[in-house]
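**Q** Structure below; questions to follow.
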Amino acid sequence: MGQHEEIRAAAPQDLTTQSYLLYFRSGHYDRRYPSPNLSTWRRMLALLPPGGHVIDFGCGNGRYLLRLKGRAGVAAGFDINPAALEMLAARAAEMGWSDLQVLGPEVAALEAHVRAQGRADLVLCLFGVLAHIDDRAARIATLRQMRRLLKPETGRLLISVPNKARRFLREQRAAGPAAQGLIRYTRTMEGTEVTLPYQLYDPDRLRAELSEAGFRVDSLRAESVLSESLLTTHAPLRWIDSLLVRMCPARLGYGLIAVAVP
């Protein structure tokens with residue numbers, strides 16, 4: 001299978017893409033997650049060298065990426081969702097970030113970006129982007145694509161996924177053990193029910209998939225203790241959580257976050 005074919009196979013199915021069009025255009029995503037997770041933000045800053053090159057894979061509307069203005073030398077956001085890309089481009093224009101690269105929805109744009117700008121110091125794949133790909137082989141293909149975006153040895157992938165021990169317990173019971181953490185969940189947006197796939201993880205699954213894609217896991221921790229929606233809508237809780245997460249083992253986190261080396 002050629003490189004372009006491999007990555008197209010890794011993209012979520014059309015139904016998921018359409019669901020996310022509604023998710024962003026309805027404003028539901030902004031209302032639910034208006035700001036970054038503080039602990040994740042700090043990890044990003046620690047990994048990105050001054051004036052470094054960052055690619056946000058599955059950037060959405062730029063919740064993390066746009067806050068890197070003035071810190072990154074080269075920055076690009078990639079998404080398969082046209083609504084997210086439209087919002088990212090509009091917000092970058094509003095803040096005067098004219099050289100932010102908005103890439104997608106075709107994956108060929110990523111390859112063109114790397115040919116022009118070189119490989120990245122840091123690739124972000126945050127808040128369950130990988131988990132919305134319900135086929136394991138497709139997830140591995142996607143991780144391999146991210147590996148090709150990074151500088152060998154010195155580049156880093158920062159990736160977060162939902163923790164099976166803390167998320168969607170009712171849906172897991174309904175799916176049964178044979179599903180191995182692959183569930184469907186439903187959100188209601190503007191009177192429309194939207195159902196999305198979600199692969200839940202434990203630390204062993206995340207390590208295994210990263211390893212199969214050619215990464216070495218440098219660290220794997222709890223992303224947060226409290227839920228993402230609480231942290232992004234209640235500022236005092238961000239500081240409390242940033243203290244709690246230092247003591248929380250990965251297996252008990254609301255999400256899992258890993259730093260991986262290509």
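Naming works like this for the structure tokens: A, B, ... for the chains as they're shown, residue 1 at the start of each chain, ligands 1 onward in shown order.
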Skip Asp204 of chain A itself and residues of its chain fewer than 2 positions away, then list as a list in words all residues within 12 Å of it, counting only C-alpha atoms.

**A**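 Within the cut-off, the hits are Asn163, Lys164, Leu200, Tyr201, Asp202, Leu206, Arg207, Ala208, Glu209, Leu210, Ser211, Val217, Leu220, Ala250, Arg251, Leu256 and Ala258 of chain A.
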
**Q** As an MDAnalysis selection string, please: every residue in segment 54-225 of chain A that DSSP puts in helix (DSSP H, G or I).

**A** chainID A and resid 65:68 82:94 108:117 130:132 136:149 169:175 177:179 203:212

**Q** If you count only C-alpha atoms, which residues fall within 12 Å of Arg246 of chain A, apart from same-chain ones fewer than 3 positions away, as a PDB file with N, CA, C and O atoms, in the first residue's frame?

**A**
```pdb
ATOM      1  N   SER A  39      -2.154  21.226  32.481  1.00  0.00           N
ATOM      2  CA  SER A  39      -1.035  20.290  32.546  1.00  0.00           C
ATOM      3  C   SER A  39      -0.544  19.917  31.154  1.00  0.00           C
ATOM      4  O   SER A  39       0.667  19.808  30.913  1.00  0.00           O
ATOM      5  N   ARG A 221       1.731   9.134  31.436  1.00  0.00           N
ATOM      6  CA  ARG A 221       1.199   9.639  32.701  1.00  0.00           C
ATOM      7  C   ARG A 221      -0.307   9.860  32.602  1.00  0.00           C
ATOM      8  O   ARG A 221      -0.897   9.744  31.537  1.00  0.00           O
ATOM      9  N   ALA A 222      -0.879  10.228  33.737  1.00  0.00           N
ATOM     10  CA  ALA A 222      -2.260  10.700  33.743  1.00  0.00           C
ATOM     11  C   ALA A 222      -2.290  12.095  33.121  1.00  0.00           C
ATOM     12  O   ALA A 222      -1.476  12.953  33.459  1.00  0.00           O
ATOM     13  N   GLU A 223      -3.218  12.311  32.189  1.00  0.00           N
ATOM     14  CA  GLU A 223      -3.350  13.644  31.602  1.00  0.00           C
ATOM     15  C   GLU A 223      -3.999  14.609  32.588  1.00  0.00           C
ATOM     16  O   GLU A 223      -3.629  15.775  32.677  1.00  0.00           O
ATOM     17  N   SER A 224      -4.992  14.119  33.288  1.00  0.00           N
ATOM     18  CA  SER A 224      -5.661  14.923  34.314  1.00  0.00           C
ATOM     19  C   SER A 224      -6.324  13.970  35.291  1.00  0.00           C
ATOM     20  O   SER A 224      -6.427  12.766  35.041  1.00  0.00           O
ATOM     21  N   VAL A 225      -6.764  14.501  36.409  1.00  0.00           N
ATOM     22  CA  VAL A 225      -7.543  13.724  37.374  1.00  0.00           C
ATOM     23  C   VAL A 225      -9.024  14.050  37.213  1.00  0.00           C
ATOM     24  O   VAL A 225      -9.879  13.169  37.200  1.00  0.00           O
ATOM     25  N   TRP A 239      -5.768  24.626  38.380  1.00  0.00           N
ATOM     26  CA  TRP A 239      -4.602  24.667  39.255  1.00  0.00           C
ATOM     27  C   TRP A 239      -4.635  23.510  40.254  1.00  0.00           C
ATOM     28  O   TRP A 239      -3.602  22.913  40.558  1.00  0.00           O
ATOM     29  N   ILE A 240      -5.816  23.201  40.750  1.00  0.00           N
ATOM     30  CA  ILE A 240      -5.929  22.053  41.658  1.00  0.00           C
ATOM     31  C   ILE A 240      -5.541  20.769  40.937  1.00  0.00           C
ATOM     32  O   ILE A 240      -4.774  19.947  41.456  1.00  0.00           O
ATOM     33  N   ASP A 241      -6.054  20.610  39.728  1.00  0.00           N
ATOM     34  CA  ASP A 241      -5.754  19.402  38.982  1.00  0.00           C
ATOM     35  C   ASP A 241      -4.274  19.307  38.632  1.00  0.00           C
ATOM     36  O   ASP A 241      -3.705  18.207  38.630  1.00  0.00           O
ATOM     37  N   SER A 242      -3.637  20.434  38.334  1.00  0.00           N
ATOM     38  CA  SER A 242      -2.217  20.406  37.979  1.00  0.00           C
ATOM     39  C   SER A 242      -1.368  19.902  39.145  1.00  0.00           C
ATOM     40  O   SER A 242      -0.277  19.352  38.930  1.00  0.00           O
ATOM     41  N   LEU A 243      -1.870  20.049  40.376  1.00  0.00           N
ATOM     42  CA  LEU A 243      -1.183  19.490  41.541  1.00  0.00           C
ATOM     43  C   LEU A 243      -1.531  18.010  41.723  1.00  0.00           C
ATOM     44  O   LEU A 243      -0.652  17.181  41.982  1.00  0.00           O
ATOM     45  N   PRO A 249      -1.323   7.988  39.491  1.00  0.00           N
ATOM     46  CA  PRO A 249      -0.763   7.036  38.523  1.00  0.00           C
ATOM     47  C   PRO A 249      -1.528   7.089  37.209  1.00  0.00           C
ATOM     48  O   PRO A 249      -2.714   7.419  37.176  1.00  0.00           O
ATOM     49  N   ALA A 250      -0.859   6.761  36.134  1.00  0.00           N
ATOM     50  CA  ALA A 250      -1.468   6.850  34.811  1.00  0.00           C
ATOM     51  C   ALA A 250      -2.772   6.081  34.730  1.00  0.00           C
ATOM     52  O   ALA A 250      -3.750   6.551  34.144  1.00  0.00           O
ATOM     53  N   LEU A 252      -5.109   5.680  36.633  1.00  0.00           N
ATOM     54  CA  LEU A 252      -6.265   6.292  37.275  1.00  0.00           C
ATOM     55  C   LEU A 252      -6.613   7.664  36.693  1.00  0.00           C
ATOM     56  O   LEU A 252      -7.547   8.305  37.153  1.00  0.00           O
ATOM     57  N   GLY A 253      -5.885   8.114  35.701  1.00  0.00           N
ATOM     58  CA  GLY A 253      -6.152   9.424  35.123  1.00  0.00           C
ATOM     59  C   GLY A 253      -7.443   9.445  34.318  1.00  0.00           C
ATOM     60  O   GLY A 253      -7.915   8.416  33.834  1.00  0.00           O
TER      61      GLY A 253
END
```

**Q** For Glu228 of chain A, please output as an NGL selection string all residues within 12 Å (counting only C-alpha atoms; exclusion window: fewer than 6 positions along the same chain).

**A** :A and (29 or 32-40 or 126-128 or 160-162 or 167 or 234-235 or 237-238 or 241 or 253-256)

**Q** Write to file, as a PDB file, in the first residue's frame, the residues of the selection just made, with C-alpha atoms.

**A**
```pdb
ATOM      1  CA  TYR A  29     -17.200  22.036  21.044  1.00  0.00           C
ATOM      2  CA  ARG A  32     -17.714  22.366  26.196  1.00  0.00           C
ATOM      3  CA  TYR A  33     -13.970  22.967  25.842  1.00  0.00           C
ATOM      4  CA  PRO A  34     -13.212  26.703  25.732  1.00  0.00           C
ATOM      5  CA  SER A  35      -9.597  26.525  26.949  1.00  0.00           C
ATOM      6  CA  PRO A  36      -6.607  24.168  27.204  1.00  0.00           C
ATOM      7  CA  ASN A  37      -5.872  21.631  29.890  1.00  0.00           C
ATOM      8  CA  LEU A  38      -3.186  23.381  31.962  1.00  0.00           C
ATOM      9  CA  SER A  39      -1.035  20.290  32.546  1.00  0.00           C
ATOM     10  CA  THR A  40      -1.097  19.397  28.844  1.00  0.00           C
ATOM     11  CA  LEU A 126      -4.382  15.529  21.676  1.00  0.00           C
ATOM     12  CA  PHE A 127      -7.674  14.850  23.363  1.00  0.00           C
ATOM     13  CA  GLY A 128      -8.643  11.568  21.785  1.00  0.00           C
ATOM     14  CA  SER A 160      -3.407  11.828  24.719  1.00  0.00           C
ATOM     15  CA  VAL A 161      -6.202   9.251  24.710  1.00  0.00           C
ATOM     16  CA  PRO A 162      -9.249   8.464  26.903  1.00  0.00           C
ATOM     17  CA  ARG A 167     -14.550   6.870  30.746  1.00  0.00           C
ATOM     18  CA  HIS A 234     -13.562  26.346  35.749  1.00  0.00           C
ATOM     19  CA  ALA A 235     -10.213  28.107  36.050  1.00  0.00           C
ATOM     20  CA  LEU A 237      -9.915  23.626  39.117  1.00  0.00           C
ATOM     21  CA  ARG A 238      -7.090  23.757  36.560  1.00  0.00           C
ATOM     22  CA  ASP A 241      -5.754  19.402  38.982  1.00  0.00           C
ATOM     23  CA  GLY A 253      -6.152   9.424  35.123  1.00  0.00           C
ATOM     24  CA  TYR A 254      -9.175  10.781  33.292  1.00  0.00           C
ATOM     25  CA  GLY A 255      -7.022  10.532  30.199  1.00  0.00           C
ATOM     26  CA  LEU A 256      -3.591   9.116  29.397  1.00  0.00           C
TER      27      LEU A 256
END
```

**Q** Show me, as number ranges by chain, the residues that have an atom within 7 Å of Arg216 of chain A when counting only C-alpha atoms, minus same-chain residues fewer than 4 positions from it.

**A** A: 211, 260-262

**Q** Restricting it to N, CA and C atoms, dump the selection as a PDB file, in the first residue's frame.

**A**
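Dumped to result19.pdb:
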```pdb
ATOM      1  N   SER A 211       4.381   1.402  20.035  1.00  0.00           N
ATOM      2  CA  SER A 211       5.524   0.549  19.707  1.00  0.00           C
ATOM      3  C   SER A 211       5.388  -0.065  18.323  1.00  0.00           C
ATOM      4  N   ALA A 260       6.378  10.305  23.036  1.00  0.00           N
ATOM      5  CA  ALA A 260       6.972   9.199  22.284  1.00  0.00           C
ATOM      6  C   ALA A 260       8.044   9.721  21.339  1.00  0.00           C
ATOM      7  N   VAL A 261       9.071   8.896  21.154  1.00  0.00           N
ATOM      8  CA  VAL A 261      10.245   9.254  20.361  1.00  0.00           C
ATOM      9  C   VAL A 261      10.250   8.434  19.086  1.00  0.00           C
ATOM     10  N   PRO A 262      10.410   9.057  17.903  1.00  0.00           N
ATOM     11  CA  PRO A 262      10.405   8.280  16.655  1.00  0.00           C
ATOM     12  C   PRO A 262      11.662   7.409  16.492  1.00  0.00           C
TER      13      PRO A 262
END
```

**Q** Using only C-alpha atoms, find the one residue out of A:Asp218, A:Glu171, A:Asp121, A:Glu111 that sits nearest to Leu196 of chain A.

**A** A:Glu171

**Q** Just how far from atom CA of Ala76 of chain A is atom CA of Gly51 of chain A, in Å to one decimal?

**A**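 Computed distance, atom CA of Gly51 of chain A to atom CA of Ala76 of chain A, equals 13.3 Å.
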
**Q** I'd like the contact shell of Ala89 of chain A - 12 Å cut-off, only C-alpha atoms, skipping same-chain residues fewer than 2 positions apart - returned as a compact mmCIF listing (two decimals) with all heavy atoms, in the first residue's frame.

**A**
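File written: around14.txt
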```txt
# COMPACT_ATOMS: atom_id res chain seq x y z
N CYS A 59 -6.07 19.09 14.70
CA CYS A 59 -5.99 20.36 15.43
C CYS A 59 -7.34 20.90 15.85
O CYS A 59 -7.42 21.76 16.73
CB CYS A 59 -5.28 21.40 14.58
SG CYS A 59 -6.09 21.73 12.99
N GLY A 60 -8.44 20.42 15.22
CA GLY A 60 -9.74 20.99 15.53
C GLY A 60 -9.75 22.47 15.20
O GLY A 60 -9.17 22.92 14.20
N ASN A 61 -10.34 23.26 16.08
CA ASN A 61 -10.42 24.70 15.82
C ASN A 61 -9.29 25.48 16.49
O ASN A 61 -9.35 26.70 16.59
CB ASN A 61 -11.78 25.25 16.26
CG ASN A 61 -12.05 24.98 17.73
OD1 ASN A 61 -11.18 24.57 18.49
ND2 ASN A 61 -13.29 25.22 18.14
N GLY A 62 -8.23 24.77 16.92
CA GLY A 62 -7.03 25.44 17.40
C GLY A 62 -6.98 25.71 18.89
O GLY A 62 -6.27 26.63 19.32
N LEU A 65 -3.26 24.91 19.53
CA LEU A 65 -2.32 25.43 18.55
C LEU A 65 -2.26 26.96 18.54
O LEU A 65 -1.17 27.54 18.49
CB LEU A 65 -2.71 24.92 17.15
CG LEU A 65 -1.81 25.32 15.99
CD1 LEU A 65 -0.38 24.81 16.20
CD2 LEU A 65 -2.38 24.81 14.67
N LEU A 66 -3.39 27.62 18.60
CA LEU A 66 -3.40 29.08 18.48
C LEU A 66 -2.66 29.77 19.63
O LEU A 66 -2.17 30.89 19.48
CB LEU A 66 -4.83 29.60 18.40
CG LEU A 66 -5.57 29.28 17.09
CD1 LEU A 66 -7.02 29.71 17.18
CD2 LEU A 66 -4.89 29.93 15.90
N ALA A 76 1.81 24.41 12.10
CA ALA A 76 0.79 23.95 11.16
C ALA A 76 -0.26 23.17 11.91
O ALA A 76 0.04 22.43 12.86
CB ALA A 76 1.42 23.07 10.08
N GLY A 77 -1.50 23.31 11.48
CA GLY A 77 -2.60 22.53 12.01
C GLY A 77 -3.22 21.71 10.90
O GLY A 77 -3.52 22.25 9.83
N PHE A 78 -3.39 20.42 11.14
CA PHE A 78 -4.00 19.53 10.16
C PHE A 78 -5.28 18.93 10.73
O PHE A 78 -5.32 18.50 11.89
CB PHE A 78 -3.05 18.38 9.79
CG PHE A 78 -3.72 17.29 8.99
CD1 PHE A 78 -3.97 17.46 7.64
CD2 PHE A 78 -4.14 16.12 9.59
CE1 PHE A 78 -4.61 16.48 6.90
CE2 PHE A 78 -4.78 15.12 8.86
CZ PHE A 78 -5.02 15.30 7.52
N ASP A 79 -6.32 18.88 9.90
CA ASP A 79 -7.55 18.22 10.30
C ASP A 79 -8.27 17.75 9.02
O ASP A 79 -8.07 18.32 7.95
CB ASP A 79 -8.45 19.15 11.11
CG ASP A 79 -9.32 18.39 12.11
OD1 ASP A 79 -10.28 17.71 11.67
OD2 ASP A 79 -9.04 18.45 13.31
N PRO A 82 -13.53 20.04 7.47
CA PRO A 82 -13.52 21.39 6.88
C PRO A 82 -14.03 22.47 7.82
O PRO A 82 -13.52 23.60 7.80
CB PRO A 82 -14.43 21.24 5.66
CG PRO A 82 -14.41 19.79 5.33
CD PRO A 82 -14.28 19.08 6.64
N ALA A 83 -15.02 22.16 8.65
CA ALA A 83 -15.55 23.16 9.57
C ALA A 83 -14.49 23.60 10.57
O ALA A 83 -14.35 24.79 10.88
CB ALA A 83 -16.78 22.62 10.30
N ALA A 84 -13.73 22.65 11.09
CA ALA A 84 -12.66 22.98 12.03
C ALA A 84 -11.59 23.83 11.36
O ALA A 84 -11.10 24.81 11.93
CB ALA A 84 -12.05 21.70 12.58
N LEU A 85 -11.23 23.48 10.14
CA LEU A 85 -10.20 24.23 9.43
C LEU A 85 -10.65 25.66 9.13
O LEU A 85 -9.86 26.60 9.22
CB LEU A 85 -9.84 23.51 8.13
CG LEU A 85 -9.18 22.13 8.30
CD1 LEU A 85 -9.01 21.47 6.94
CD2 LEU A 85 -7.85 22.23 9.03
N GLU A 86 -11.93 25.82 8.77
CA GLU A 86 -12.46 27.16 8.54
C GLU A 86 -12.36 28.02 9.81
O GLU A 86 -11.97 29.19 9.75
CB GLU A 86 -13.92 27.08 8.10
CG GLU A 86 -14.12 26.52 6.69
CD GLU A 86 -15.58 26.20 6.41
OE1 GLU A 86 -16.45 26.62 7.23
OE2 GLU A 86 -15.86 25.54 5.40
N MET A 87 -12.71 27.42 10.93
CA MET A 87 -12.66 28.16 12.19
C MET A 87 -11.22 28.49 12.56
O MET A 87 -10.92 29.59 13.03
CB MET A 87 -13.33 27.34 13.29
CG MET A 87 -14.82 27.16 13.09
SD MET A 87 -15.57 26.09 14.33
CE MET A 87 -15.52 27.17 15.76
N ARG A 91 -9.77 32.30 13.00
CA ARG A 91 -9.23 32.75 14.28
C ARG A 91 -7.77 33.18 14.14
O ARG A 91 -7.33 34.14 14.79
CB ARG A 91 -9.39 31.64 15.32
CG ARG A 91 -10.85 31.43 15.68
CD ARG A 91 -11.07 30.27 16.62
NE ARG A 91 -12.51 30.16 16.89
CZ ARG A 91 -13.03 29.29 17.75
NH1 ARG A 91 -12.25 28.44 18.41
NH2 ARG A 91 -14.34 29.26 17.94
N ALA A 92 -7.01 32.46 13.31
CA ALA A 92 -5.62 32.87 13.07
C ALA A 92 -5.58 34.25 12.42
O ALA A 92 -4.75 35.09 12.77
CB ALA A 92 -4.92 31.84 12.20
N ALA A 93 -6.48 34.50 11.47
CA ALA A 93 -6.53 35.80 10.80
C ALA A 93 -6.89 36.90 11.79
O ALA A 93 -6.31 38.00 11.76
CB ALA A 93 -7.54 35.76 9.65
N GLU A 94 -7.84 36.64 12.68
CA GLU A 94 -8.26 37.63 13.67
C GLU A 94 -7.12 38.05 14.58
O GLU A 94 -7.02 39.20 15.00
CB GLU A 94 -9.41 37.07 14.51
CG GLU A 94 -10.73 37.00 13.78
CD GLU A 94 -11.79 36.27 14.59
OE1 GLU A 94 -11.50 35.90 15.75
OE2 GLU A 94 -12.90 36.06 14.07
N MET A 95 -6.23 37.07 14.91
CA MET A 95 -5.13 37.39 15.82
C MET A 95 -3.86 37.78 15.07
O MET A 95 -2.81 37.98 15.68
CB MET A 95 -4.86 36.20 16.74
CG MET A 95 -4.43 34.93 16.06
SD MET A 95 -4.49 33.46 17.14
CE MET A 95 -3.37 33.91 18.45
N GLY A 96 -3.94 37.91 13.75
CA GLY A 96 -2.80 38.36 12.97
C GLY A 96 -1.72 37.33 12.76
O GLY A 96 -0.57 37.68 12.48
N TRP A 97 -2.08 36.05 12.81
CA TRP A 97 -1.09 34.99 12.61
C TRP A 97 -1.17 34.56 11.15
O TRP A 97 -1.75 33.54 10.80
CB TRP A 97 -1.35 33.83 13.55
CG TRP A 97 -0.17 32.90 13.69
CD1 TRP A 97 1.00 32.96 13.00
CD2 TRP A 97 -0.05 31.78 14.58
NE1 TRP A 97 1.85 31.95 13.40
CE2 TRP A 97 1.23 31.22 14.36
CE3 TRP A 97 -0.91 31.22 15.51
CZ2 TRP A 97 1.68 30.10 15.07
CZ3 TRP A 97 -0.47 30.11 16.21
CH2 TRP A 97 0.80 29.56 16.00
N SER A 98 -0.53 35.33 10.30
CA SER A 98 -0.68 35.12 8.86
C SER A 98 0.09 33.92 8.34
O SER A 98 -0.25 33.37 7.28
CB SER A 98 -0.23 36.38 8.10
OG SER A 98 1.14 36.66 8.39
N ASP A 99 1.15 33.49 9.04
CA ASP A 99 1.95 32.39 8.53
C ASP A 99 1.63 31.05 9.19
O ASP A 99 2.36 30.07 9.00
CB ASP A 99 3.45 32.70 8.65
CG ASP A 99 3.89 33.02 10.07
OD1 ASP A 99 3.01 33.15 10.95
OD2 ASP A 99 5.11 33.15 10.31
N LEU A 100 0.56 30.98 9.96
CA LEU A 100 0.11 29.68 10.45
C LEU A 100 -0.38 28.85 9.27
O LEU A 100 -1.20 29.32 8.47
CB LEU A 100 -1.02 29.84 11.47
CG LEU A 100 -1.65 28.54 11.97
CD1 LEU A 100 -0.65 27.74 12.80
CD2 LEU A 100 -2.91 28.81 12.78
N GLN A 101 0.11 27.65 9.14
CA GLN A 101 -0.27 26.78 8.04
C GLN A 101 -1.51 25.98 8.42
O GLN A 101 -1.49 25.23 9.41
CB GLN A 101 0.88 25.84 7.70
CG GLN A 101 2.17 26.55 7.32
CD GLN A 101 2.02 27.32 6.04
OE1 GLN A 101 1.73 26.75 4.99
NE2 GLN A 101 2.25 28.62 6.09
N VAL A 102 -2.58 26.13 7.66
CA VAL A 102 -3.82 25.40 7.89
C VAL A 102 -3.91 24.32 6.82
O VAL A 102 -4.07 24.63 5.64
CB VAL A 102 -5.04 26.34 7.86
CG1 VAL A 102 -6.33 25.56 8.07
CG2 VAL A 102 -4.88 27.45 8.90
N LEU A 103 -3.81 23.07 7.22
CA LEU A 103 -3.64 21.95 6.29
C LEU A 103 -4.81 20.98 6.36
O LEU A 103 -5.26 20.63 7.45
CB LEU A 103 -2.35 21.19 6.62
CG LEU A 103 -1.07 22.02 6.74
CD1 LEU A 103 0.09 21.13 7.17
CD2 LEU A 103 -0.75 22.72 5.43
N GLY A 104 -5.24 20.51 5.21
CA GLY A 104 -6.31 19.53 5.16
C GLY A 104 -7.40 20.00 4.22
O GLY A 104 -7.33 21.08 3.66
```

**Q** Hey, can you check how far atom CA of Ile159 of chain A sits from atom CA of Ala213 of chain A?

**A**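 About the pair atom CA of Ile159 of chain A and atom CA of Ala213 of chain A: they are 13.3 Å apart.
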
**Q** Which is closest to Tyr198 of chain A among A:Ala174, A:Val129, A:Leu143, A:Leu88, if we use only C-alpha atoms?

**A**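 Ranked by minimum distance to Tyr198 of chain A, first place goes to A:Val129.
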
**Q** To one decimal place, how far is atom CA of Arg42 of chain A from atom CA of Ala165 of chain A in Å?

**A** 24.5 Å
